[in-house]
Protein chains: 2
Amino acid sequence: SVNPDLASERQAASFSVEKLTVWLDGGVENTRTRRAVVEAIECDPEFSREDQYFQSQNERYEAAVRKAVHLQKKMHEMGWTEDGPEYKYIYRALAGDVAFLLHRIFMRSISMLGSDKQIAKWIPLASQYKLIGSYAQTELGHGTYLQGLETTAVFDSTTQEFILNTPKISAMKWWPGDMGRSATHTVAFAQLYVQGKCYGVHPFIVQIRSLRDHSLCPGITAGDIGPKMNFEHVDNGFLLLQSVRIPRENMLSRFCEVQPDGTYVRWGSQKIYYFTMTSVRISLLSDEVIVPMMKACTIAIRYSVVRRQSKLKPGEQEAKILDYQTQQEKLLPQLAAAYAFYFINDYLQELFDNGYREIQKKNFDMLPELHAFSSGFKAVVSQHCTSAVEICLRACGGHGYSSLSGLPALYTKILASCIYEGENTILLLQTARFLIKCFMEASAGQPVPPSVTYLVAVKPMRCPAKNKLDFLSPAIYTEAYQHMAARLVSSTAAKLQDLIQSGVKKHDAWNQCTVQLAQAAKAHCHYITVKNFAETVEKLQAQAGIQKIMKHLSDLFALHGIFSNAGAFLHDGYLSGAQMDMVTASYLDLLPLIRKDAVPLVDAFDFTDKSLNSALGSYDGHVYQRLYEWAQKSPTNKQMSPAYEKYLKPLLHNKLSKL
Amino acid sequence: SVNPDLASERQAASFSVEKLTVWLDGGVENTRTRRAVVEAIECDPEFSREDQYFQSQNERYEAAVRKAVHLQKKMHEMGWTEDGPEYKYIYRALAGDVAFLLHRIFMRSISMLGSDKQIAKWIPLASQYKLIGSYAQTELGHGTYLQGLETTAVFDSTTQEFILNTPKISAMKWWPGDMGRSATHTVAFAQLYVQGKCYGVHPFIVQIRSLRDHSLCPGITAGDIGPKMNFEHVDNGFLLLQSVRIPRENMLSRFCEVQPDGTYVRWGSQKIYYFTMTSVRISLLSDEVIVPMMKACTIAIRYSVVRRQSKLKPGEQEAKILDYQTQQEKLLPQLAAAYAFYFINDYLQELFDNGYREIQKKNFDMLPELHAFSSGFKAVVSQHCTSAVEICLRACGGHGYSSLSGLPALYTKILASCIYEGENTILLLQTARFLIKCFMEASAGQPVPPSVTYLVAVKPMRCPAKNKLDFLSPAIYTEAYQHMAARLVSSTAAKLQDLIQSGVKKHDAWNQCTVQLAQAAKAHCHYITVKNFAETVEKLQAQAGIQKIMKHLSDLFALHGIFSNAGAFLHDGYLSGAQMDMVTASYLDLLPLIRKDAVPLVDAFDFTDKSLNSALGSYDGHVYQRLYEWAQKSPTNKQMSPAYEKYLKPLLHNKLSKL
């Protein structure tokens, strides 16, 4: 039975939830496959996440290893392969709670950076888990700036070996996943030295633990870096290398090699490195960022129609909290953003697939644009979704703060996505560098990629909207975003030029513009997202019911952005104060409209209760019963705390049992 | 020895750190007392927080109880009393990691709501810990809206008892601290019924556990609510009452009473209830919100001059990350806000002390203003500080995400302050209600409290600033904030009036304005904070060195607010786009100025290493050594995980130890 407050929301849906789900999946075939994978995983007790909120870091790690090993068996059993249609749904079904993700990066880096001979040796061993690999790039003192890595690999021609060392504590490898306790091997990045000359950072395969008894190899110090805000299931590790010798053949040598006599040879294009990072950034967006945010929306919105608080009208029953404008204003823009980012992910994936096809033809022209897009969107989407999850958590009040809501774990995990695979500010500045370069080139009449031609296109200087309904026109709001993004890019370019012309050195001038450059990069991504949402809705003509509600969400996403960043639109008078009032009015008017379909809109994401793992967010809405049931399972309720005997009993009045 | 990068920052200080510390403490006597308390606590191994990051929920609870019990002994030993000057520093020195805070609320509620006889019976028992009290107000289905509580207390005149019941699951008490495992008694709030008539919510003393063996009393079901985002040391509990009988004398009866024959009598003013909430909200701001944010600033700023990343100038050493404009723009506004809120806390405390004196004279005139201030500032300050801690965490990159940085625990704890003691949105709307009421009264020529007369004062419609330096004038920016706050209040009042005049019912009209009402309340608090900071700096004339840097911080706080909320200032043309460019220029110019003194400015907060408990933030800056040392202590490194034998060993290639 479903909580009647939740059931009534579903009865009132203005569209078919199933149709929306299928459309989001990209067709009924995909929906079927996804559901089959999810069911197979969830009905297998080995993959249970039931006790997750009660486990220690040690227990979480053990469970993650167990699941990773069991997954191999399961895949074989089910006939799932890494190239099969099921594969992309497996990680989603496991909610990421599985070990050996870095083992996959280990394999990928050998496949991409290793010679054919190296691939032939290592990949079969790795794919059968005859060894566990990791990927040791980051050091205690060095993250994003790869050139600053301090680990050294010195070639010894007499023994035909590299000698690896951690010259000081800041050079210790720190953070690599699967390395603290699991890995037997790692791809370690180190500065290559041959005959006293430094050739820069290169990747080396290093064995760190014995295959026989898992003891550390000679010269290796390694372990777990301890507790983190989340990722207890991952053994992020440290690694200290003291005169560790590896054979010459262990330097990954698709692109360069040290020959037996110490000659350093390099061939092939280095650009492909960028493409690897680009691919990782795009692929993490869906599973690590957008899906968790969709889950948070599901939990918070379902809870907000079950939870009643205060009276909206005197004399009536307490109101569902989603009926308050302030609650709508917290959650519905996040729901709209979840859709917006779901669609931008498709857009990026397509861009990436096109780029990949070109690169296979040795055409690297799209790389700068791809790199700029993947960097900027990784930053903007992870930032937005992290805030969104926090908003969802807080919108559930005290119960949101309970681990049993599922929201704390979603938040602490998604927060990491703002930091890993490129810190967001640094990524935004990479996008900004691309935008400034394109702006200068376009201003000088040179050709630029189609996505940035708008930067110099002539546009009206004032928004033509006359009343609040005009702001429901995608042409009106898309143009406002375009204008705003172009203005921020051009005005920052002008500031940069002015500074340089006034004698400030180029790198200082750049630093003095970085706050504004980051804003410009965000504005560009925001514009593309708004435009893509509007275009996605436009293409939906055939499915009228769905198109209507998607149009509302697209409008809400756009107007919420204008409402929240009003300064950027008012600054040069593109919007007047009176027009901003119209935006506000239209924006607030959309809230009760979308509120009616809020539950069906999250139902369409089609998360199972097991995948949400939330006492607040389950499909049947029995929030309070589930909280009570789950709390009773807590280890804190298993026995009386020793604190009673030790500290309380001696203190308490115990002549009477009752006062 | 201190890390040289950190040492050089201190040598360059433009002011005396010790003088600033003393001034912040309010005199050398206070500094001395504070340091003595901190030292006494920190040198006592019973209060050690060394293993905190490695402990389970059970262990954290046990440690908190041990500390609470030991604290009584310590206080006696040291001659500290609850009225003494040391008392306010104890909690700070313990970093809040101690049990029985709700026991204090239990005592406070009996003192305030109990009759003299009840006080005489219960307070001595409680103050000697002959019983442990808790405070059971919140229910599973009911938080802020007290009238909605469902627990019942039915008077049975035949036995002269109240019979307490939890009529359904949503009525179960949920969240009360110290109740899950420690408390023997609680003050429970329940709907009072006498002879079938409901008299509303009243407080009752209920015994829940035996004093002899700590077993649950008949009719009581209670336990711990399980894991939360933080507060593992607190046994937040649930409580289910089934026909629990308590004597008539256990209803707290300072203000009302059920007489033996069932006659309900009420006397005295109920307004005092508000004053209790006001006092709690103000007192939590300092310890639970502002101090944690000051700690986060200390950690992030110290780390940002030790951490080096990329090159600012080609050919040079990698730069301290605090030398990047983007890092300054993340951290320095938070530092300025820490000072701003430290000062607003003094302001609120003074306002509260004045109010208290009046209330003791039975003059309740200040109550509405006090209530509005405490609500609004609790919301605004907790929200701002929570975001600030998140910014600090993210600004430390991956290492900020490690529990060992101390930042995750600061964040997950401060986040709760946005939810407890009144959810922030609800509090803002209470402030807004006060502002709208005052605005209407003032518009009608009636007198209003001095803090809100500005709402109807005539002001220039355009900011008179002519260049960027004009925006360093407190008169200019304070007036801009005043104008903005008054505009938001008056325009929302007008919208409300329009809606009502157009036939929308009053409560619907209110709901339709709540997004803007919350904005108006925030703007009011922001204005008061900016004004108070400027006035505090003004009064500092005697101490020139300190005044200069405080002036910079005051300017930064104000201009950061305008820069970040540009729309609110541009909307009606009070600031032009050109003036906003001046604000931006002045704002960005302040960053490198304050950056020079950033380390001394956090050093002046005078947190010990033990109280920060952070591998990144300690005074000597030996970040990497400490991370490594602490990580080695993690239980994850104590032994090989069982996962190896169970799952990995059967899989790994173990014919060779080395590949």
# chains A, B, ... in the order shown; residues from 1 in each chain; ligands from 1
$ residues_around --residues "A:Trp630" --least-positions-apart "3" --cutoff "9 Å" --atoms "only C-alpha atoms" --output "PDB file with C-alpha atoms, in the first residue's frame"
ATOM      1  CA  LEU A 404      19.006   6.848   6.944  1.00  0.00           C
ATOM      2  CA  ALA A 615      13.951   5.828   4.518  1.00  0.00           C
ATOM      3  CA  GLN A 625       7.593   3.450   9.719  1.00  0.00           C
ATOM      4  CA  ARG A 626      10.792   2.935   7.756  1.00  0.00           C
ATOM      5  CA  LEU A 627      12.808   5.393   9.841  1.00  0.00           C
ATOM      6  CA  LYS A 633      18.777  -2.072  13.397  1.00  0.00           C
ATOM      7  CA  SER A 634      21.519   0.361  14.366  1.00  0.00           C
TER       8      SER A 634
ATOM      9  CA  ILE B 225      17.913   6.880  16.159  1.00  0.00           C
ATOM     10  CA  GLY B 226      21.097   5.616  14.518  1.00  0.00           C
TER      11      GLY B 226
END
$ residues_around --residues "A:Thr478" --least-positions-apart "5" --cutoff "12 Å" --atoms "only C-alpha atoms" --output "VMD selection string"
chain A and resid 454 463 471 to 473 483 to 485 523 to 524 526 to 535 554 to 555 557 to 559 561 to 562
$ atom_distance --atom1 "atom CA of A:Leu335" --atom2 "atom CA of B:Cys513"
21.5 Å
$ atom_distance --atom1 "atom CA of B:Met582" --atom2 "atom CA of B:Asn467"
6.3 Å
$ select_by_dssp --residues "stretch 482-655 of chain A" --states "alpha helix (DSSP H)" --output "PDB file with C-alpha atoms, in the first residue's frame"
ATOM      1  CA  GLN A 482      23.839  34.416 -24.994  1.00  0.00           C
ATOM      2  CA  HIS A 483      24.127  38.159 -24.592  1.00  0.00           C
ATOM      3  CA  MET A 484      25.249  37.821 -20.996  1.00  0.00           C
ATOM      4  CA  ALA A 485      27.885  35.188 -21.755  1.00  0.00           C
ATOM      5  CA  ALA A 486      29.255  37.156 -24.704  1.00  0.00           C
ATOM      6  CA  ARG A 487      29.407  40.326 -22.599  1.00  0.00           C
ATOM      7  CA  LEU A 488      31.315  38.618 -19.784  1.00  0.00           C
ATOM      8  CA  VAL A 489      33.824  37.118 -22.206  1.00  0.00           C
ATOM      9  CA  SER A 490      34.345  40.334 -24.145  1.00  0.00           C
ATOM     10  CA  SER A 491      34.576  42.602 -21.104  1.00  0.00           C
ATOM     11  CA  THR A 492      37.104  40.296 -19.440  1.00  0.00           C
ATOM     12  CA  ALA A 493      39.104  40.112 -22.656  1.00  0.00           C
ATOM     13  CA  ALA A 494      39.101  43.911 -22.684  1.00  0.00           C
ATOM     14  CA  LYS A 495      40.268  44.106 -19.076  1.00  0.00           C
ATOM     15  CA  LEU A 496      43.059  41.665 -19.844  1.00  0.00           C
ATOM     16  CA  GLN A 497      44.149  43.717 -22.846  1.00  0.00           C
ATOM     17  CA  ASP A 498      44.015  46.968 -20.869  1.00  0.00           C
ATOM     18  CA  LEU A 499      46.168  45.546 -18.107  1.00  0.00           C
ATOM     19  CA  ILE A 500      48.752  44.239 -20.546  1.00  0.00           C
ATOM     20  CA  GLN A 501      48.797  47.511 -22.455  1.00  0.00           C
ATOM     21  CA  LYS A 506      50.970  38.840 -19.051  1.00  0.00           C
ATOM     22  CA  HIS A 507      50.839  36.232 -16.283  1.00  0.00           C
ATOM     23  CA  ASP A 508      50.030  38.866 -13.630  1.00  0.00           C
ATOM     24  CA  ALA A 509      47.315  40.317 -15.830  1.00  0.00           C
ATOM     25  CA  TRP A 510      45.847  36.839 -16.288  1.00  0.00           C
ATOM     26  CA  ASN A 511      45.868  36.243 -12.518  1.00  0.00           C
ATOM     27  CA  GLN A 512      44.149  39.585 -11.935  1.00  0.00           C
ATOM     28  CA  THR A 514      40.780  35.024 -13.050  1.00  0.00           C
ATOM     29  CA  VAL A 515      37.740  35.742 -10.864  1.00  0.00           C
ATOM     30  CA  GLN A 516      35.998  37.250 -13.872  1.00  0.00           C
ATOM     31  CA  LEU A 517      37.356  34.660 -16.279  1.00  0.00           C
ATOM     32  CA  ALA A 518      35.825  31.892 -14.166  1.00  0.00           C
ATOM     33  CA  GLN A 519      32.502  33.750 -14.245  1.00  0.00           C
ATOM     34  CA  ALA A 520      32.674  34.041 -18.020  1.00  0.00           C
ATOM     35  CA  ALA A 521      33.342  30.310 -18.384  1.00  0.00           C
ATOM     36  CA  LYS A 522      30.369  29.498 -16.168  1.00  0.00           C
ATOM     37  CA  ALA A 523      28.147  31.858 -18.155  1.00  0.00           C
ATOM     38  CA  HIS A 524      29.146  30.131 -21.386  1.00  0.00           C
ATOM     39  CA  CYS A 525      28.240  26.698 -20.025  1.00  0.00           C
ATOM     40  CA  HIS A 526      25.015  28.016 -18.552  1.00  0.00           C
ATOM     41  CA  TYR A 527      24.043  29.458 -21.939  1.00  0.00           C
ATOM     42  CA  ILE A 528      24.772  26.193 -23.764  1.00  0.00           C
ATOM     43  CA  THR A 529      22.729  24.266 -21.181  1.00  0.00           C
ATOM     44  CA  VAL A 530      19.711  26.569 -21.501  1.00  0.00           C
ATOM     45  CA  LYS A 531      19.908  26.456 -25.293  1.00  0.00           C
ATOM     46  CA  ASN A 532      20.245  22.689 -25.366  1.00  0.00           C
ATOM     47  CA  PHE A 533      17.268  22.206 -23.032  1.00  0.00           C
ATOM     48  CA  ALA A 534      15.078  24.445 -25.216  1.00  0.00           C
ATOM     49  CA  GLU A 535      16.172  22.584 -28.351  1.00  0.00           C
ATOM     50  CA  THR A 536      15.550  19.208 -26.741  1.00  0.00           C
ATOM     51  CA  VAL A 537      11.993  20.290 -25.892  1.00  0.00           C
ATOM     52  CA  GLU A 538      11.450  21.582 -29.407  1.00  0.00           C
ATOM     53  CA  ALA A 544       2.572  16.449 -26.569  1.00  0.00           C
ATOM     54  CA  GLY A 545       1.940  15.543 -22.906  1.00  0.00           C
ATOM     55  CA  ILE A 546       5.598  15.186 -22.192  1.00  0.00           C
ATOM     56  CA  GLN A 547       6.564  18.199 -24.246  1.00  0.00           C
ATOM     57  CA  LYS A 548       4.326  20.456 -22.210  1.00  0.00           C
ATOM     58  CA  ILE A 549       5.820  19.597 -18.850  1.00  0.00           C
ATOM     59  CA  MET A 550       9.359  19.576 -20.290  1.00  0.00           C
ATOM     60  CA  LYS A 551       8.701  23.054 -21.647  1.00  0.00           C
ATOM     61  CA  HIS A 552       7.766  24.203 -18.133  1.00  0.00           C
ATOM     62  CA  LEU A 553      10.974  22.708 -16.764  1.00  0.00           C
ATOM     63  CA  SER A 554      13.071  24.307 -19.470  1.00  0.00           C
ATOM     64  CA  ASP A 555      11.455  27.673 -18.713  1.00  0.00           C
ATOM     65  CA  LEU A 556      11.977  27.202 -14.998  1.00  0.00           C
ATOM     66  CA  PHE A 557      15.625  26.283 -15.417  1.00  0.00           C
ATOM     67  CA  ALA A 558      16.233  29.362 -17.549  1.00  0.00           C
ATOM     68  CA  LEU A 559      14.260  31.821 -15.420  1.00  0.00           C
ATOM     69  CA  HIS A 560      15.665  30.504 -12.166  1.00  0.00           C
ATOM     70  CA  GLY A 561      19.118  31.223 -13.542  1.00  0.00           C
ATOM     71  CA  ILE A 562      18.165  34.789 -14.453  1.00  0.00           C
ATOM     72  CA  PHE A 563      16.437  35.338 -11.110  1.00  0.00           C
ATOM     73  CA  SER A 564      19.468  34.033  -9.195  1.00  0.00           C
ATOM     74  CA  ALA A 566      20.083  39.028 -11.831  1.00  0.00           C
ATOM     75  CA  GLY A 567      23.162  41.259 -11.677  1.00  0.00           C
ATOM     76  CA  ALA A 568      24.699  39.702 -14.768  1.00  0.00           C
ATOM     77  CA  PHE A 569      21.599  40.463 -16.845  1.00  0.00           C
ATOM     78  CA  LEU A 570      20.896  43.924 -15.425  1.00  0.00           C
ATOM     79  CA  GLY A 577      14.442  46.382 -13.529  1.00  0.00           C
ATOM     80  CA  ALA A 578      10.859  46.204 -14.810  1.00  0.00           C
ATOM     81  CA  GLN A 579      11.759  43.243 -17.023  1.00  0.00           C
ATOM     82  CA  MET A 580      13.455  41.572 -14.066  1.00  0.00           C
ATOM     83  CA  ASP A 581      10.154  41.887 -12.213  1.00  0.00           C
ATOM     84  CA  MET A 582       8.490  40.114 -15.139  1.00  0.00           C
ATOM     85  CA  VAL A 583      11.100  37.356 -14.961  1.00  0.00           C
ATOM     86  CA  THR A 584      10.436  36.998 -11.246  1.00  0.00           C
ATOM     87  CA  ALA A 585       6.691  36.875 -11.761  1.00  0.00           C
ATOM     88  CA  SER A 586       6.938  34.261 -14.534  1.00  0.00           C
ATOM     89  CA  TYR A 587       9.420  32.280 -12.534  1.00  0.00           C
ATOM     90  CA  LEU A 588       7.242  32.193  -9.428  1.00  0.00           C
ATOM     91  CA  ASP A 589       4.154  31.396 -11.529  1.00  0.00           C
ATOM     92  CA  LEU A 590       5.876  28.287 -12.885  1.00  0.00           C
ATOM     93  CA  LEU A 591       6.405  26.810  -9.434  1.00  0.00           C
ATOM     94  CA  PRO A 592       2.816  25.771  -8.652  1.00  0.00           C
ATOM     95  CA  LEU A 593       2.393  24.547 -12.247  1.00  0.00           C
ATOM     96  CA  ILE A 594       5.349  22.176 -12.013  1.00  0.00           C
ATOM     97  CA  ARG A 595       4.576  21.290  -8.415  1.00  0.00           C
ATOM     98  CA  ALA A 598       6.619  16.960  -9.229  1.00  0.00           C
ATOM     99  CA  VAL A 599       6.148  13.384  -8.027  1.00  0.00           C
ATOM    100  CA  PRO A 600       5.536  11.889 -11.496  1.00  0.00           C
ATOM    101  CA  LEU A 601       8.587  13.810 -12.726  1.00  0.00           C
ATOM    102  CA  VAL A 602      10.845  12.085 -10.200  1.00  0.00           C
ATOM    103  CA  ASP A 603       9.048   8.736 -10.563  1.00  0.00           C
ATOM    104  CA  ASP A 609      13.909   1.638  -3.479  1.00  0.00           C
ATOM    105  CA  LYS A 610      17.077  -0.402  -3.115  1.00  0.00           C
ATOM    106  CA  SER A 611      19.046   1.954  -5.283  1.00  0.00           C
ATOM    107  CA  LEU A 612      17.791   4.996  -3.334  1.00  0.00           C
ATOM    108  CA  VAL A 623       8.562   7.402   5.781  1.00  0.00           C
ATOM    109  CA  TYR A 624       8.022   7.204   9.511  1.00  0.00           C
ATOM    110  CA  GLN A 625       7.593   3.450   9.719  1.00  0.00           C
ATOM    111  CA  ARG A 626      10.792   2.935   7.756  1.00  0.00           C
ATOM    112  CA  LEU A 627      12.808   5.393   9.841  1.00  0.00           C
ATOM    113  CA  TYR A 628      11.725   3.578  12.979  1.00  0.00           C
ATOM    114  CA  GLU A 629      12.393   0.150  11.535  1.00  0.00           C
ATOM    115  CA  TRP A 630      15.845   1.071  10.269  1.00  0.00           C
ATOM    116  CA  ALA A 631      16.871   2.915  13.437  1.00  0.00           C
ATOM    117  CA  GLN A 632      16.184  -0.204  15.461  1.00  0.00           C
ATOM    118  CA  PRO A 642      29.735   0.166  28.355  1.00  0.00           C
ATOM    119  CA  ALA A 643      29.461   3.865  29.220  1.00  0.00           C
TER     120      ALA A 643
END
$ residues_around --residues "stretch 645-658 of chain A" --least-positions-apart "4" --cutoff "12 Å" --atoms "only C-alpha atoms" --output "number ranges by chain"
A: 640-641; B: 61-73, 99-100, 124-133, 181-185, 206-218, 246
$ atom_distance --atom1 "atom CA of B:Arg92" --atom2 "atom CA of B:Ala296"
14.6 Å
$ closest_residue --among "B:Glu161, B:Glu29, B:Glu423, B:Asp353" --to "chain A" --atoms "only C-alpha atoms"
B:Glu423
$ residues_around --residues "A:Ser243" --least-positions-apart "2" --cutoff "7 Å" --atoms "only C-alpha atoms" --output "JSON, numbers by chain"
{"A": [163, 164, 165, 219, 241, 245]}
$ select_by_dssp --residues "stretch 191-323 of chain A" --states "strand (DSSP E)" --output "ChimeraX atom specification"
/A:191-194,197-207,220-224,237-241,244-247,256-258,264-266
$ closest_residue --among "B:Arg302, B:His76, B:His233, B:Lys468" --to "chain A" --atoms "only C-alpha atoms"
B:His233
$ closest_residue --among "A:Val154, A:Ile436, A:Ala604, A:Val306" --to "chain B" --atoms "only C-alpha atoms"
A:Val306
$ closest_residue --among "A:Thr151, A:Ser134, A:Gln57, A:Thr31" --to "chain B" --atoms "only C-alpha atoms"
A:Gln57
$ residues_around --residues "stretch 252-260 of chain B" --least-positions-apart "2" --cutoff "6 Å" --atoms "only C-alpha atoms" --output "list in words"
Leu113, Gly114, Ser115, Pro203, Phe204, Gly262, Thr263, Tyr264, Val265, Arg266, Trp267 and Gly268 of chain B
$ closest_residue --among "B:Ile419, B:Val389, B:Ala442, B:Ile282" --to "chain A" --atoms "only C-alpha atoms"
B:Ile419
$ closest_residue --among "A:Ile301, A:Leu393, A:Met366, A:Met251" --to "chain B" --atoms "only C-alpha atoms"
A:Leu393
$ residues_around --residues "A:Leu102" --least-positions-apart "5" --cutoff "10 Å" --atoms "only C-alpha atoms" --output "JSON, numbers by chain"
{"A": [107, 108, 132, 133, 134, 135, 136, 176, 177, 178, 179, 183, 186, 234, 236]}
$ residues_around --residues "A:Tyr274" --least-positions-apart "5" --cutoff "12 Å" --atoms "only C-alpha atoms" --output "ChimeraX atom specification"
/A:269,279-281,359,364,366-372,374-375
